[in-house]
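Enquirer: For reference, the file run-v5.csv (CSV, C-alpha atoms) is included below:
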chain,number,residue,atom,x,y,z
T,10,MET,CA,-18.8,67.9,-235.9
T,11,THR,CA,-15.2,66.7,-236.5
T,12,GLN,CA,-14.1,63.2,-235.6
T,13,ASN,CA,-12.0,64.5,-232.7
T,14,GLN,CA,-14.9,66.4,-231.3
T,15,ASN,CA,-17.1,63.3,-231.6
T,16,LEU,CA,-14.5,61.3,-229.7
T,17,LEU,CA,-14.3,63.9,-226.9
T,18,ASN,CA,-18.1,63.9,-226.5
T,19,LYS,CA,-18.2,60.1,-226.4
T,20,ALA,CA,-15.6,60.3,-223.6
T,21,GLY,CA,-17.9,62.6,-221.7
T,22,LEU,CA,-15.7,65.7,-222.2
T,23,PRO,CA,-17.7,68.5,-223.9
T,24,SER,CA,-15.8,69.2,-227.1
T,25,HIS,CA,-16.9,72.8,-227.2
T,26,LEU,CA,-15.1,73.3,-223.9
T,27,GLY,CA,-12.0,71.2,-224.7
T,28,TRP,CA,-9.6,74.2,-224.7
T,29,GLY,CA,-11.0,75.3,-221.3
T,30,TYR,CA,-10.2,71.9,-219.7
T,31,LEU,CA,-6.7,72.1,-221.0
T,32,GLY,CA,-6.4,75.7,-219.6
T,33,ILE,CA,-7.5,74.6,-216.2
T,34,LEU,CA,-4.9,71.8,-216.1
T,35,ILE,CA,-2.1,74.2,-217.0
T,36,PHE,CA,-3.3,77.0,-214.7
T,37,MET,CA,-3.6,74.6,-211.7
T,38,MET,CA,-0.1,73.3,-212.4
T,39,GLY,CA,1.2,76.8,-212.1
T,40,ASP,CA,-0.8,77.3,-208.9
T,41,GLY,CA,0.6,74.1,-207.4
T,42,VAL,CA,4.3,74.9,-207.7
T,43,GLU,CA,4.9,75.7,-204.0
T,44,GLN,CA,2.9,72.8,-202.6
T,45,GLY,CA,5.0,70.7,-200.3
T,46,TRP,CA,8.1,73.0,-199.9
T,47,LEU,CA,6.9,76.6,-199.1
T,48,SER,CA,6.4,76.1,-195.4
T,49,PRO,CA,9.8,74.4,-194.7
T,50,TYR,CA,11.5,77.0,-197.0
T,51,LEU,CA,10.0,80.0,-195.0
T,52,ILE,CA,10.9,78.4,-191.7
T,53,GLU,CA,14.5,77.8,-192.8
T,54,HIS,CA,14.6,81.5,-193.7
T,55,GLY,CA,13.7,82.8,-190.2
T,56,MET,CA,9.9,82.4,-190.0
T,57,ASN,CA,8.6,80.4,-187.0
T,58,ILE,CA,6.0,77.6,-187.3
T,59,GLN,CA,3.2,79.7,-185.9
T,60,GLN,CA,3.8,82.4,-188.5
T,61,SER,CA,3.9,79.8,-191.2
T,62,ALA,CA,0.6,78.3,-189.9
T,63,SER,CA,-1.0,81.8,-189.8
T,64,LEU,CA,0.1,82.4,-193.4
T,65,PHE,CA,-1.6,79.3,-194.7
T,66,THR,CA,-4.7,79.9,-192.5
T,67,VAL,CA,-5.2,83.4,-194.0
T,68,TYR,CA,-4.6,81.8,-197.5
T,69,GLY,CA,-7.3,79.2,-196.7
T,70,ILE,CA,-9.8,81.9,-195.6
T,71,THR,CA,-9.5,83.7,-198.9
T,72,ILE,CA,-9.8,80.4,-200.8
T,73,ALA,CA,-13.1,79.7,-199.0
T,74,ILE,CA,-14.4,83.2,-199.6
T,75,SER,CA,-13.4,83.1,-203.3
T,76,SER,CA,-14.8,79.6,-203.7
T,77,TRP,CA,-18.2,80.9,-202.7
T,78,PHE,CA,-17.9,84.1,-204.8
T,79,SER,CA,-16.9,82.1,-207.9
T,80,GLY,CA,-20.3,80.7,-208.5
T,81,VAL,CA,-22.3,83.9,-208.2
T,82,MET,CA,-19.7,86.0,-210.0
T,83,ALA,CA,-19.7,83.5,-212.9
T,84,GLU,CA,-23.5,83.8,-213.1
T,85,SER,CA,-23.7,87.5,-212.6
T,86,TYR,CA,-20.8,88.7,-214.9
T,87,GLY,CA,-20.2,85.6,-216.9
T,88,PRO,CA,-17.4,83.0,-216.3
T,89,ARG,CA,-14.9,84.7,-218.6
T,90,LYS,CA,-14.9,87.9,-216.6
T,91,ALA,CA,-14.8,86.0,-213.3
T,92,MET,CA,-11.9,83.8,-214.5
T,93,LEU,CA,-10.1,86.9,-215.8
T,94,MET,CA,-10.5,88.5,-212.3
T,95,GLY,CA,-9.1,85.3,-210.7
T,96,LEU,CA,-6.1,85.5,-213.1
T,97,LEU,CA,-5.4,89.1,-212.2
T,98,LEU,CA,-5.6,88.5,-208.5
T,99,TYR,CA,-3.3,85.5,-208.7
T,100,ILE,CA,-0.7,87.6,-210.6
T,101,ILE,CA,-0.9,90.6,-208.3
T,102,GLY,CA,-0.7,88.3,-205.2
T,103,THR,CA,2.3,86.4,-206.7
T,104,LEU,CA,4.1,89.7,-207.7
T,105,GLY,CA,3.7,91.1,-204.1
T,106,PHE,CA,4.4,87.8,-202.3
T,107,VAL,CA,7.6,86.9,-204.1
T,108,GLY,CA,8.8,90.4,-205.1
T,109,ILE,CA,8.2,92.1,-201.8
T,110,GLY,CA,7.4,89.5,-199.1
T,111,MET,CA,10.0,86.8,-199.9
T,112,ALA,CA,12.6,89.2,-201.3
T,113,LYS,CA,12.7,91.3,-198.1
T,114,LEU,CA,11.5,88.6,-195.7
T,115,ASP,CA,8.6,91.0,-194.9
T,116,TYR,CA,6.0,88.9,-193.0
T,117,GLY,CA,3.3,91.5,-193.2
T,118,ALA,CA,3.7,91.7,-197.0
T,119,MET,CA,3.7,87.9,-197.3
T,120,LEU,CA,0.5,87.7,-195.3
T,121,PHE,CA,-1.3,90.4,-197.3
T,122,PHE,CA,-0.2,89.3,-200.8
T,123,TYR,CA,-0.6,85.5,-200.2
T,124,ALA,CA,-4.1,86.2,-199.1
T,125,ILE,CA,-4.7,88.1,-202.4
T,126,ARG,CA,-3.2,85.2,-204.2
T,127,GLY,CA,-5.7,82.8,-202.5
T,128,PHE,CA,-8.6,84.6,-204.3
T,129,GLY,CA,-7.1,83.6,-207.7
T,130,TYR,CA,-7.5,79.9,-208.4
T,131,PRO,CA,-11.1,79.4,-207.1
T,132,LEU,CA,-12.3,82.3,-209.2
T,133,PHE,CA,-10.6,80.9,-212.2
T,134,ALA,CA,-11.2,77.2,-211.9
T,135,TYR,CA,-14.6,77.1,-210.1
T,136,SER,CA,-16.1,79.7,-212.5
T,137,PHE,CA,-15.2,77.4,-215.3
T,138,MET,CA,-17.1,74.6,-213.5
T,139,VAL,CA,-20.2,76.8,-213.6
T,140,TRP,CA,-19.6,77.1,-217.3
T,141,VAL,CA,-19.5,73.3,-217.6
T,142,THR,CA,-22.7,72.8,-215.6
T,143,TYR,CA,-24.6,75.3,-217.9
T,144,ARG,CA,-23.2,74.1,-221.2
T,145,THR,CA,-23.2,70.3,-220.8
T,146,PRO,CA,-26.2,68.1,-221.5
T,147,GLN,CA,-27.6,66.5,-218.3
T,148,HIS,CA,-27.0,62.9,-219.5
T,149,MET,CA,-23.2,63.5,-219.7
T,150,LEU,CA,-22.8,66.0,-216.9
T,151,GLY,CA,-21.4,63.5,-214.4
T,152,ARG,CA,-18.6,62.6,-216.8
T,153,ALA,CA,-18.0,66.3,-217.6
T,154,VAL,CA,-17.5,67.2,-214.0
T,155,GLY,CA,-15.3,64.1,-213.6
T,156,TRP,CA,-13.1,65.5,-216.3
T,157,PHE,CA,-13.0,68.8,-214.5
T,158,TRP,CA,-11.8,67.3,-211.2
T,159,PHE,CA,-9.3,65.2,-213.2
T,160,VAL,CA,-7.6,68.2,-214.7
T,161,PHE,CA,-8.0,70.3,-211.5
T,162,THR,CA,-6.4,67.7,-209.2
T,163,GLY,CA,-4.0,66.5,-211.9
T,164,GLY,CA,-2.7,70.0,-212.4
T,165,LEU,CA,-2.6,71.1,-208.7
T,166,ASN,CA,-1.4,67.9,-207.0
T,167,VAL,CA,0.4,65.9,-209.7
T,168,LEU,CA,1.9,68.1,-212.5
T,169,GLY,CA,2.5,71.0,-210.1
T,170,ALA,CA,4.5,68.7,-207.8
T,171,TYR,CA,6.5,67.1,-210.6
T,172,TYR,CA,7.2,70.4,-212.3
T,173,SER,CA,8.3,71.9,-209.0
T,174,SER,CA,10.7,69.0,-208.2
T,175,TRP,CA,12.3,69.6,-211.6
T,176,ALA,CA,12.3,73.4,-211.5
T,177,ILE,CA,13.7,74.0,-208.0
T,178,GLY,CA,17.0,72.3,-208.9
T,179,ARG,CA,17.4,74.3,-212.1
T,180,LEU,CA,15.7,77.7,-211.3
T,181,GLY,CA,15.9,77.9,-207.5
T,182,TYR,CA,12.9,78.4,-205.1
T,183,GLU,CA,12.0,82.0,-205.8
T,184,ASN,CA,12.4,81.7,-209.6
T,185,THR,CA,10.2,78.6,-209.5
T,186,LEU,CA,7.5,80.7,-207.9
T,187,TRP,CA,8.1,83.4,-210.5
T,188,SER,CA,7.6,80.8,-213.3
T,189,SER,CA,4.1,80.1,-212.0
T,190,ILE,CA,3.0,83.4,-213.6
T,191,PHE,CA,4.1,82.1,-217.0
T,192,TRP,CA,2.1,78.9,-216.5
T,193,VAL,CA,-1.1,80.5,-215.3
T,194,LEU,CA,-0.9,82.9,-218.3
T,195,VAL,CA,-0.6,79.9,-220.7
T,196,GLY,CA,-3.6,78.3,-219.0
T,197,ALA,CA,-5.6,81.4,-219.3
T,198,PHE,CA,-4.7,81.7,-223.0
T,199,PHE,CA,-6.2,78.2,-223.6
T,200,ALA,CA,-9.2,78.7,-221.4
T,201,LEU,CA,-10.2,82.3,-222.3
T,202,VAL,CA,-8.7,82.9,-225.8
T,203,LEU,CA,-8.7,79.6,-227.7
T,204,ASN,CA,-11.9,78.5,-226.0
T,205,LYS,CA,-14.6,80.2,-228.2
T,206,ASP,CA,-17.7,78.8,-226.5
T,207,LYS,CA,-20.4,81.3,-225.8
T,208,PHE,CA,-22.0,81.6,-222.4
T,209,GLU,CA,-25.2,83.4,-221.7
T,210,THR,CA,-27.8,83.0,-219.0
T,211,LYS,CA,-30.9,85.0,-218.0
T,212,ALA,CA,-29.0,85.7,-214.7
T,213,SER,CA,-26.3,87.6,-216.5
T,214,GLN,CA,-28.9,90.0,-217.9
T,215,GLY,CA,-30.5,90.7,-214.6
T,216,SER,CA,-29.6,92.6,-211.4
T,217,LYS,CA,-26.1,91.8,-210.3
T,218,TRP,CA,-26.8,92.4,-206.6
T,219,ARG,CA,-29.8,90.1,-206.7
T,220,GLU,CA,-27.6,87.3,-208.2
T,221,LEU,CA,-25.0,87.9,-205.5
T,222,ALA,CA,-27.7,87.6,-202.9
T,223,ASN,CA,-28.9,84.4,-204.5
T,224,GLY,CA,-25.6,82.9,-203.4
T,225,LEU,CA,-27.0,83.0,-199.8
T,226,THR,CA,-30.8,82.8,-200.3
T,227,ILE,CA,-30.6,79.7,-202.5
T,228,VAL,CA,-30.4,77.5,-199.4
T,229,LYS,CA,-33.8,78.8,-198.3
T,230,LYS,CA,-35.4,78.4,-201.7
T,231,GLU,CA,-33.9,74.9,-202.2
T,232,PRO,CA,-32.8,73.4,-198.9
T,233,LYS,CA,-31.3,70.4,-200.7
T,234,VAL,CA,-28.6,72.7,-202.0
T,235,LEU,CA,-27.5,73.2,-198.4
T,236,LEU,CA,-27.4,69.5,-197.8
T,237,GLY,CA,-25.2,69.2,-200.9
T,238,GLY,CA,-22.9,71.8,-199.4
T,239,ILE,CA,-22.6,69.9,-196.1
T,240,VAL,CA,-21.8,66.7,-198.0
T,241,ARG,CA,-19.1,68.5,-200.0
T,242,VAL,CA,-17.5,69.7,-196.7
T,243,ILE,CA,-17.4,66.2,-195.4
T,244,ASN,CA,-16.0,64.9,-198.7
T,245,THR,CA,-12.5,66.4,-198.2
T,246,THR,CA,-12.4,67.0,-194.4
T,247,ALA,CA,-10.3,63.9,-193.9
T,248,GLN,CA,-8.0,65.0,-196.7
T,249,PHE,CA,-7.0,68.1,-194.7
T,250,ALA,CA,-7.2,66.3,-191.3
T,251,PHE,CA,-4.9,63.4,-192.1
T,252,PRO,CA,-1.7,65.3,-192.8
T,253,VAL,CA,-2.0,66.9,-189.3
T,254,PHE,CA,-1.6,63.7,-187.4
T,255,LEU,CA,-1.1,60.7,-189.7
T,256,PRO,CA,2.6,61.3,-190.5
T,257,LEU,CA,3.4,61.1,-186.8
T,258,TYR,CA,1.2,58.0,-186.4
T,259,MET,CA,2.9,56.3,-189.3
T,260,ALA,CA,6.4,57.2,-187.9
T,261,GLU,CA,5.4,55.5,-184.7
T,262,HIS,CA,4.9,52.3,-186.8
T,263,GLY,CA,8.2,52.5,-188.6
T,264,PHE,CA,7.4,54.6,-191.7
T,265,THR,CA,9.9,57.1,-192.8
T,266,THR,CA,8.9,60.6,-194.1
T,267,LYS,CA,9.9,59.5,-197.6
T,268,GLU,CA,7.6,56.4,-197.4
T,269,TRP,CA,4.7,58.5,-196.1
T,270,LEU,CA,5.1,61.1,-198.9
T,271,GLN,CA,5.2,58.3,-201.4
T,272,ILE,CA,2.0,56.8,-200.0
T,273,TRP,CA,0.3,60.3,-199.9
T,274,GLY,CA,1.3,61.1,-203.5
T,275,THR,CA,0.1,57.7,-204.8
T,276,ILE,CA,-3.2,58.2,-203.0
T,277,PHE,CA,-3.9,61.3,-205.1
T,278,THR,CA,-2.6,59.7,-208.3
T,279,SER,CA,-5.3,57.1,-207.7
T,280,ASN,CA,-7.8,59.9,-206.9
T,281,ILE,CA,-7.4,61.7,-210.2
T,282,ILE,CA,-7.8,58.5,-212.2
T,283,PHE,CA,-11.0,57.7,-210.3
T,284,ASN,CA,-12.3,61.2,-210.6
T,285,LEU,CA,-12.8,60.3,-214.2
T,286,ILE,CA,-14.0,56.8,-213.6
T,287,PHE,CA,-16.7,57.9,-211.1
T,288,GLY,CA,-17.9,60.5,-213.6
T,289,PHE,CA,-18.8,57.6,-215.9
T,290,VAL,CA,-20.1,55.4,-213.0
T,291,GLY,CA,-22.4,58.3,-211.9
T,292,ASP,CA,-23.9,58.7,-215.3
T,293,ARG,CA,-24.7,55.0,-215.4
T,294,MET,CA,-25.6,54.1,-211.8
T,295,GLY,CA,-27.1,57.4,-210.9
T,296,TRP,CA,-25.4,60.4,-209.2
T,297,GLN,CA,-27.1,59.9,-205.8
T,298,ASN,CA,-26.3,56.1,-205.6
T,299,THR,CA,-22.7,56.7,-206.5
T,300,ILE,CA,-22.2,59.4,-203.9
T,301,MET,CA,-23.9,57.4,-201.1
T,302,TRP,CA,-22.3,54.0,-201.6
T,303,PHE,CA,-18.9,54.6,-203.2
T,304,GLY,CA,-18.3,58.0,-201.6
T,305,GLY,CA,-20.0,57.9,-198.2
T,306,VAL,CA,-20.0,54.2,-197.2
T,307,GLY,CA,-16.8,53.4,-199.2
T,308,CYS,CA,-14.8,56.2,-197.6
T,309,ALA,CA,-16.1,55.3,-194.1
T,310,ILE,CA,-14.8,51.8,-194.5
T,311,THR,CA,-11.4,52.7,-196.1
T,312,THR,CA,-10.7,55.5,-193.6
T,313,VAL,CA,-10.7,53.0,-190.8
T,314,LEU,CA,-8.8,50.4,-192.9
T,315,PHE,CA,-6.1,53.0,-193.8
T,316,TYR,CA,-5.6,53.9,-190.1
T,317,TYR,CA,-5.4,50.4,-188.8
T,318,ALA,CA,-3.5,48.9,-191.7
T,319,PRO,CA,-0.1,49.4,-190.0
T,320,VAL,CA,-1.4,47.4,-187.0
T,321,TRP,CA,-3.4,44.8,-188.7
T,322,PHE,CA,-0.7,44.0,-191.4
T,323,ASP,CA,2.3,44.4,-189.1
T,324,GLY,CA,3.7,47.6,-190.6
T,325,SER,CA,3.5,46.4,-194.2
T,326,TYR,CA,4.3,49.3,-196.6
T,327,TRP,CA,2.3,47.7,-199.4
T,328,ALA,CA,-0.8,47.0,-197.2
T,329,VAL,CA,-0.8,50.6,-196.0
T,330,MET,CA,-0.3,51.8,-199.6
T,331,ALA,CA,-3.2,49.6,-200.9
T,332,ALA,CA,-5.5,50.9,-198.1
T,333,GLY,CA,-4.6,54.5,-198.9
T,334,VAL,CA,-5.1,54.1,-202.6
T,335,ALA,CA,-8.5,52.5,-201.9
T,336,TRP,CA,-9.5,55.5,-199.8
T,337,GLY,CA,-8.2,58.0,-202.5
T,338,ALA,CA,-10.1,56.1,-205.2
T,339,LEU,CA,-13.4,56.1,-203.2
T,340,LEU,CA,-12.9,59.8,-202.3
T,341,ALA,CA,-13.7,60.4,-206.0
T,342,GLY,CA,-17.1,58.8,-205.4
T,343,TYR,CA,-18.3,62.2,-204.5
T,344,VAL,CA,-17.5,63.6,-208.0
T,345,PRO,CA,-21.2,63.4,-209.2
T,346,LEU,CA,-22.1,65.9,-206.4
T,347,SER,CA,-20.9,68.6,-208.8
T,348,ALA,CA,-23.5,67.4,-211.3
T,349,LEU,CA,-26.3,66.6,-208.8
T,350,VAL,CA,-26.4,69.9,-206.8
T,351,PRO,CA,-26.7,72.4,-209.8
T,352,SER,CA,-29.3,70.1,-211.3
T,353,LEU,CA,-31.6,70.7,-208.3
T,354,VAL,CA,-32.3,74.2,-209.7
T,355,LYS,CA,-33.3,75.4,-213.1
T,356,GLU,CA,-31.9,78.9,-213.4
T,357,ASP,CA,-29.8,79.6,-210.2
T,358,LYS,CA,-27.1,77.1,-211.0
T,359,GLY,CA,-24.3,79.6,-210.2
T,360,ALA,CA,-25.8,80.2,-206.8
T,361,ALA,CA,-26.1,76.4,-206.2
T,362,MET,CA,-22.4,76.0,-207.3
T,363,ALA,CA,-21.5,78.9,-204.9
T,364,ILE,CA,-22.6,76.8,-202.0
T,365,LEU,CA,-20.9,73.7,-203.3
T,366,ASN,CA,-17.7,75.6,-203.9
T,367,LEU,CA,-17.8,77.0,-200.4
T,368,GLY,CA,-18.1,73.4,-199.3
T,369,ALA,CA,-14.9,72.7,-201.2
T,370,GLY,CA,-13.1,75.5,-199.5
T,371,LEU,CA,-14.1,75.1,-195.9
T,372,PRO,CA,-12.4,71.7,-195.2
T,373,VAL,CA,-9.1,73.6,-195.4
T,374,PHE,CA,-10.0,74.7,-191.8
T,375,VAL,CA,-12.5,72.1,-190.7
T,376,GLY,CA,-10.1,69.2,-191.1
T,377,PRO,CA,-7.2,70.7,-189.0
T,378,ALA,CA,-9.6,72.3,-186.5
T,379,LEU,CA,-11.4,69.0,-185.9
T,380,VAL,CA,-8.0,67.3,-185.1
T,381,GLY,CA,-7.0,70.2,-182.9
T,382,ILE,CA,-10.2,70.1,-180.9
T,383,LEU,CA,-10.6,66.3,-180.6
T,384,ILE,CA,-7.1,64.6,-180.6
T,385,GLY,CA,-6.3,65.6,-177.0
T,386,MET,CA,-9.6,64.1,-175.7
T,387,ILE,CA,-10.0,61.0,-177.8
T,388,GLY,CA,-6.7,60.4,-179.5
T,389,SER,CA,-5.9,59.8,-183.1
T,390,ALA,CA,-8.0,56.6,-183.2
T,391,GLY,CA,-11.0,58.6,-181.9
T,392,VAL,CA,-10.5,61.2,-184.6
T,393,VAL,CA,-10.4,58.5,-187.3
T,394,TRP,CA,-13.7,57.1,-186.1
T,395,VAL,CA,-15.3,60.6,-186.0
T,396,LEU,CA,-14.1,61.0,-189.7
T,397,ALA,CA,-15.6,57.6,-190.6
T,398,GLY,CA,-18.9,58.6,-188.9
T,399,LEU,CA,-19.0,61.9,-190.9
T,400,TYR,CA,-18.7,59.9,-194.1
T,401,LEU,CA,-21.6,57.7,-193.1
T,402,LEU,CA,-23.6,60.9,-192.2
T,403,SER,CA,-22.9,62.2,-195.7
T,404,ALA,CA,-24.4,59.0,-197.1
T,405,ILE,CA,-27.5,59.5,-195.1
T,406,LEU,CA,-27.8,63.2,-196.1
T,407,THR,CA,-27.3,62.3,-199.8
T,408,LYS,CA,-30.4,60.1,-199.5
T,409,PHE,CA,-32.5,63.3,-199.2
T,410,ILE,CA,-30.8,65.1,-202.2
T,411,THR,CA,-33.4,64.0,-204.8
T,412,ILE,CA,-34.2,65.4,-208.2
T,413,ASP,CA,-37.7,66.0,-209.4
T,414,LYS,CA,-39.1,62.8,-211.0
T,415,ALA,CA,-40.3,64.6,-214.1
T,416,LYS,CA,-36.9,66.1,-214.7
T,417,ALA,CA,-35.2,62.8,-214.1
T,418,ALA,CA,-37.5,61.1,-216.6
T,419,GLU,CA,-36.7,63.8,-219.2
T,420,TRP,CA,-33.0,63.3,-218.8
T,421,LYS,CA,-33.4,59.5,-219.1
T,422,GLU,CA,-35.3,59.9,-222.3
T,423,ALA,CA,-32.5,62.3,-223.7
T,424,LYS,CA,-29.9,59.7,-222.7
T,425,GLU,CA,-31.7,57.0,-224.6
T,426,ILE,CA,-32.0,59.1,-227.7
T,427,VAL,CA,-28.3,59.9,-227.7
T,428,SER,CA,-27.4,56.2,-227.2
T,429,GLU,CA,-29.4,55.1,-230.2
Please express the file's structure as structure tokens.

Expert:
Amino acid sequence: MTQNQNLLNKAGLPSHLGWGYLGILIFMMGDGVEQGWLSPYLIEHGMNIQQSASLFTVYGITIAISSWFSGVMAESYGPRKAMLMGLLLYIIGTLGFVGIGMAKLDYGAMLFFYAIRGFGYPLFAYSFMVWVTYRTPQHMLGRAVGWFWFVFTGGLNVLGAYYSSWAIGRLGYENTLWSSIFWVLVGAFFALVLNKDKFETKASQGSKWRELANGLTIVKKEPKVLLGGIVRVINTTAQFAFPVFLPLYMAEHGFTTKEWLQIWGTIFTSNIIFNLIFGFVGDRMGWQNTIMWFGGVGCAITTVLFYYAPVWFDGSYWAVMAAGVAWGALLAGYVPLSALVPSLVKEDKGAAMAILNLGAGLPVFVGPALVGILIGMIGSAGVVWVLAGLYLLSAILTKFITIDKAKAAEWKEAKEIVSE
């Protein structure tokens, strides 16, 4: 083992998958180029807000479906093939969306090809996470998935936004979208060509249809996996609910759109940093305890604090920023869930990850739907208390997601051997 490889392993990043992590970062940067400007752009070019909402709803549906398929496809056919499929669907979707839909302002084509594009990144990124869960020793798995969420969110929400803000002024809107194909190809080169790690499971040698069915039947064989999926839905429900009503609420308390966007962007800068930190914390404190106390209880408290900060601190920008950053940091307290859930099963890790990935995709609808249903009846304050209550519920549910004691003792022994 080289010195660089040893340093990566000590940092909790599996050295044999290092190129894969870099590939995910670059791929997700390409995928994130249109975040924040596509909807206003389409509305400026003749689309109404209902059509824009429908476009993103269909996109969200395919993301949720693909998120579920990614786990079982990775286990049935191997993550390389699943990731390659995601790459191809992303490219086909982008070619049709930009080349036909946007070029001709053809709404039907936009709807169809953007839906195809939605299948791309979950198959690529979440299949790699299955690879990580199989090929990482249990004593460092929390840190390894922390690194995954670091590169995933860092590429999608941070580098994608920064690159887009640079590229739009120099390339224009449509060419910025075209350039995403270049970046996803670069990411795929690192993750699929330079990454030489071998992946083989018993599952990949068996019946493909049986493994696909496992993506549903796993919750009957191991009900704790279902609990993990529910906790994963709760994890990011507020993330997709907040943008529906908080910008208006903040405006009522004197915040400009620019100030709100600065707060929201800083929240996720905090989040990617703490994705990494809570990977380490989970491996030290225990995955379950980290999710319960930092994720569940911590997010419940900071959700309420974030909402009431403009009132309690007389519209102070920095007080609201601090409360938001605390919420974004503690949102990362759920990171060890990606280590805990696949560790509940011995062989069907892909099926377990399929449920977890579905839980990652569903909040795209659950968050906005919750707001749409409740805000007219209980107002924005009521919605915030419901979201805080869901976080507390997730802490209670996590209490029941326990790993077999013998298995836990085995991992503890392995951890002690490594640390010696």

Enquirer: To one decimal place in Å, what is the distance between CA of Trp46 in chain T and CA of Leu339 in chain T?

Expert: 27.5 Å

Enquirer: Determine, counting all atoms listed in the file, which protein, DNA and RNA residues have an atom within 10 Å of an atom of Leu314 in chain T; residues of the same chain fewer than 6 positions away are not included. Present the result as a list in words.

Expert: Cys308, Val320, Trp321, Ala328, Val329, Ala331, Ala332, Gly333, Ala335, Trp336 and Val393 of chain T

Enquirer: What is the CA of Tyr86 in chain T-CA of Leu132 in chain T distance in Å, reported with one decimal?

Expert: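 Value for the CA of Tyr86 in chain T-CA of Leu132 in chain T distance: 12.1 Å.
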
Enquirer: From the set T:Asn184, T:Thr312, T:Gln248, T:Ser79, which residue has the shortest atom-to-atom contact distance to Asn366 in chain T, counting all atoms listed in the file?

Expert: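 Residue with the minimum atom-to-atom distance to Asn366 in chain T: T:Ser79.
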
Enquirer: Work out how far apart CA of Thr185 in chain T and CA of Leu97 in chain T are and give it in Å to one decimal.

Expert: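 The value is 19.0 Å.
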
Enquirer: What lies within 10 Å of Asp292 in chain T using only C-alpha atoms, ignoring chain neighbours under 5 positions off, as number ranges by chain?

Expert: T: 21, 147-153, 287, 299, 345, 348, 424

Enquirer: Write out as an mmCIF file with C-alpha atoms, in the coordinates of the input which residues come within 12 Å of Ile101 in chain T when counting all atoms listed in the file, dropping same-chain ones fewer than 5 positions away.

Expert:
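Ended up saving to result.cif:
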data_model
loop_
_atom_site.group_PDB
_atom_site.id
_atom_site.type_symbol
_atom_site.label_atom_id
_atom_site.label_comp_id
_atom_site.auth_asym_id
_atom_site.auth_seq_id
_atom_site.Cartn_x
_atom_site.Cartn_y
_atom_site.Cartn_z
ATOM 1 C CA MET T 94 -10.500 88.500 -212.300
ATOM 2 C CA GLY T 95 -9.100 85.300 -210.700
ATOM 3 C CA LEU T 96 -6.100 85.500 -213.100
ATOM 4 C CA PHE T 106 4.400 87.800 -202.300
ATOM 5 C CA VAL T 107 7.600 86.900 -204.100
ATOM 6 C CA GLY T 108 8.800 90.400 -205.100
ATOM 7 C CA ILE T 109 8.200 92.100 -201.800
ATOM 8 C CA PHE T 121 -1.300 90.400 -197.300
ATOM 9 C CA PHE T 122 -0.200 89.300 -200.800
ATOM 10 C CA TYR T 123 -0.600 85.500 -200.200
ATOM 11 C CA ALA T 124 -4.100 86.200 -199.100
ATOM 12 C CA ILE T 125 -4.700 88.100 -202.400
ATOM 13 C CA ARG T 126 -3.200 85.200 -204.200
ATOM 14 C CA GLY T 127 -5.700 82.800 -202.500
ATOM 15 C CA PHE T 128 -8.600 84.600 -204.300
ATOM 16 C CA GLY T 129 -7.100 83.600 -207.700
ATOM 17 C CA TRP T 187 8.100 83.400 -210.500
ATOM 18 C CA ILE T 190 3.000 83.400 -213.600
#

Enquirer: Which one of T:Thr226, T:Tyr316, T:Val42, T:Trp158 sits closest to Gly288 in chain T if you count all atoms listed in the file?

Expert: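 Closest to Gly288 in chain T, using all atoms listed in the file: T:Trp158.
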
Enquirer: With all atoms listed in the file as the basis for distance, which of T:Ala397, T:Leu201, T:Leu194, T:Leu104 is at the shortest distance from Gly307 in chain T?

Expert: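 Among the listed residues, T:Ala397 lies closest to Gly307 in chain T.
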
Enquirer: Pick the closest to Ile310 in chain T from T:Ala176, T:Leu353, T:Leu401, T:Val193: which is it, counting only C-alpha atoms?

Expert: T:Leu401

Enquirer: Using all atoms listed in the file, can you tell me which of T:Gln59, T:Gly388, T:Val67, T:Glu43 comes closest to Ser174 in chain T?

Expert: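 Counting all atoms listed in the file, the residue closest to Ser174 in chain T is T:Glu43.
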
Enquirer: Counting all atoms listed in the file, which of T:Val392, T:Leu255, T:Met38, T:Met138 gets nearest to Leu165 in chain T?

Expert: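 Smallest distance to Leu165 in chain T is found for T:Met38.
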
Enquirer: Pick out the residues sitting within 9 Å of Leu31 in chain T, and hand them over as a ChimeraX atom specification; count only C-alpha atoms, and ignore anything fewer than 3 positions along from it in its own chain.

Expert: /T:26-28,34-36,160,196,199-200

Enquirer: Which neighbours of Ile52 in chain T fall inside 12 Å, counting only C-alpha atoms, when residues of the same chain fewer than 3 positions from it are skipped, and could you give them as a PyMOL selection string?

Expert: chain T and resi 46-49+55-62+64+111+114+116

Enquirer: Please produce an output containing C-alpha atoms for each residue in the selection, written as a CSV table (one decimal), in the coordinates of the input.

Expert:
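Produced file out_35.csv, reproduced below:
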chain,number,residue,atom,x,y,z
T,46,TRP,CA,8.1,73.0,-199.9
T,47,LEU,CA,6.9,76.6,-199.1
T,48,SER,CA,6.4,76.1,-195.4
T,49,PRO,CA,9.8,74.4,-194.7
T,55,GLY,CA,13.7,82.8,-190.2
T,56,MET,CA,9.9,82.4,-190.0
T,57,ASN,CA,8.6,80.4,-187.0
T,58,ILE,CA,6.0,77.6,-187.3
T,59,GLN,CA,3.2,79.7,-185.9
T,60,GLN,CA,3.8,82.4,-188.5
T,61,SER,CA,3.9,79.8,-191.2
T,62,ALA,CA,0.6,78.3,-189.9
T,64,LEU,CA,0.1,82.4,-193.4
T,111,MET,CA,10.0,86.8,-199.9
T,114,LEU,CA,11.5,88.6,-195.7
T,116,TYR,CA,6.0,88.9,-193.0
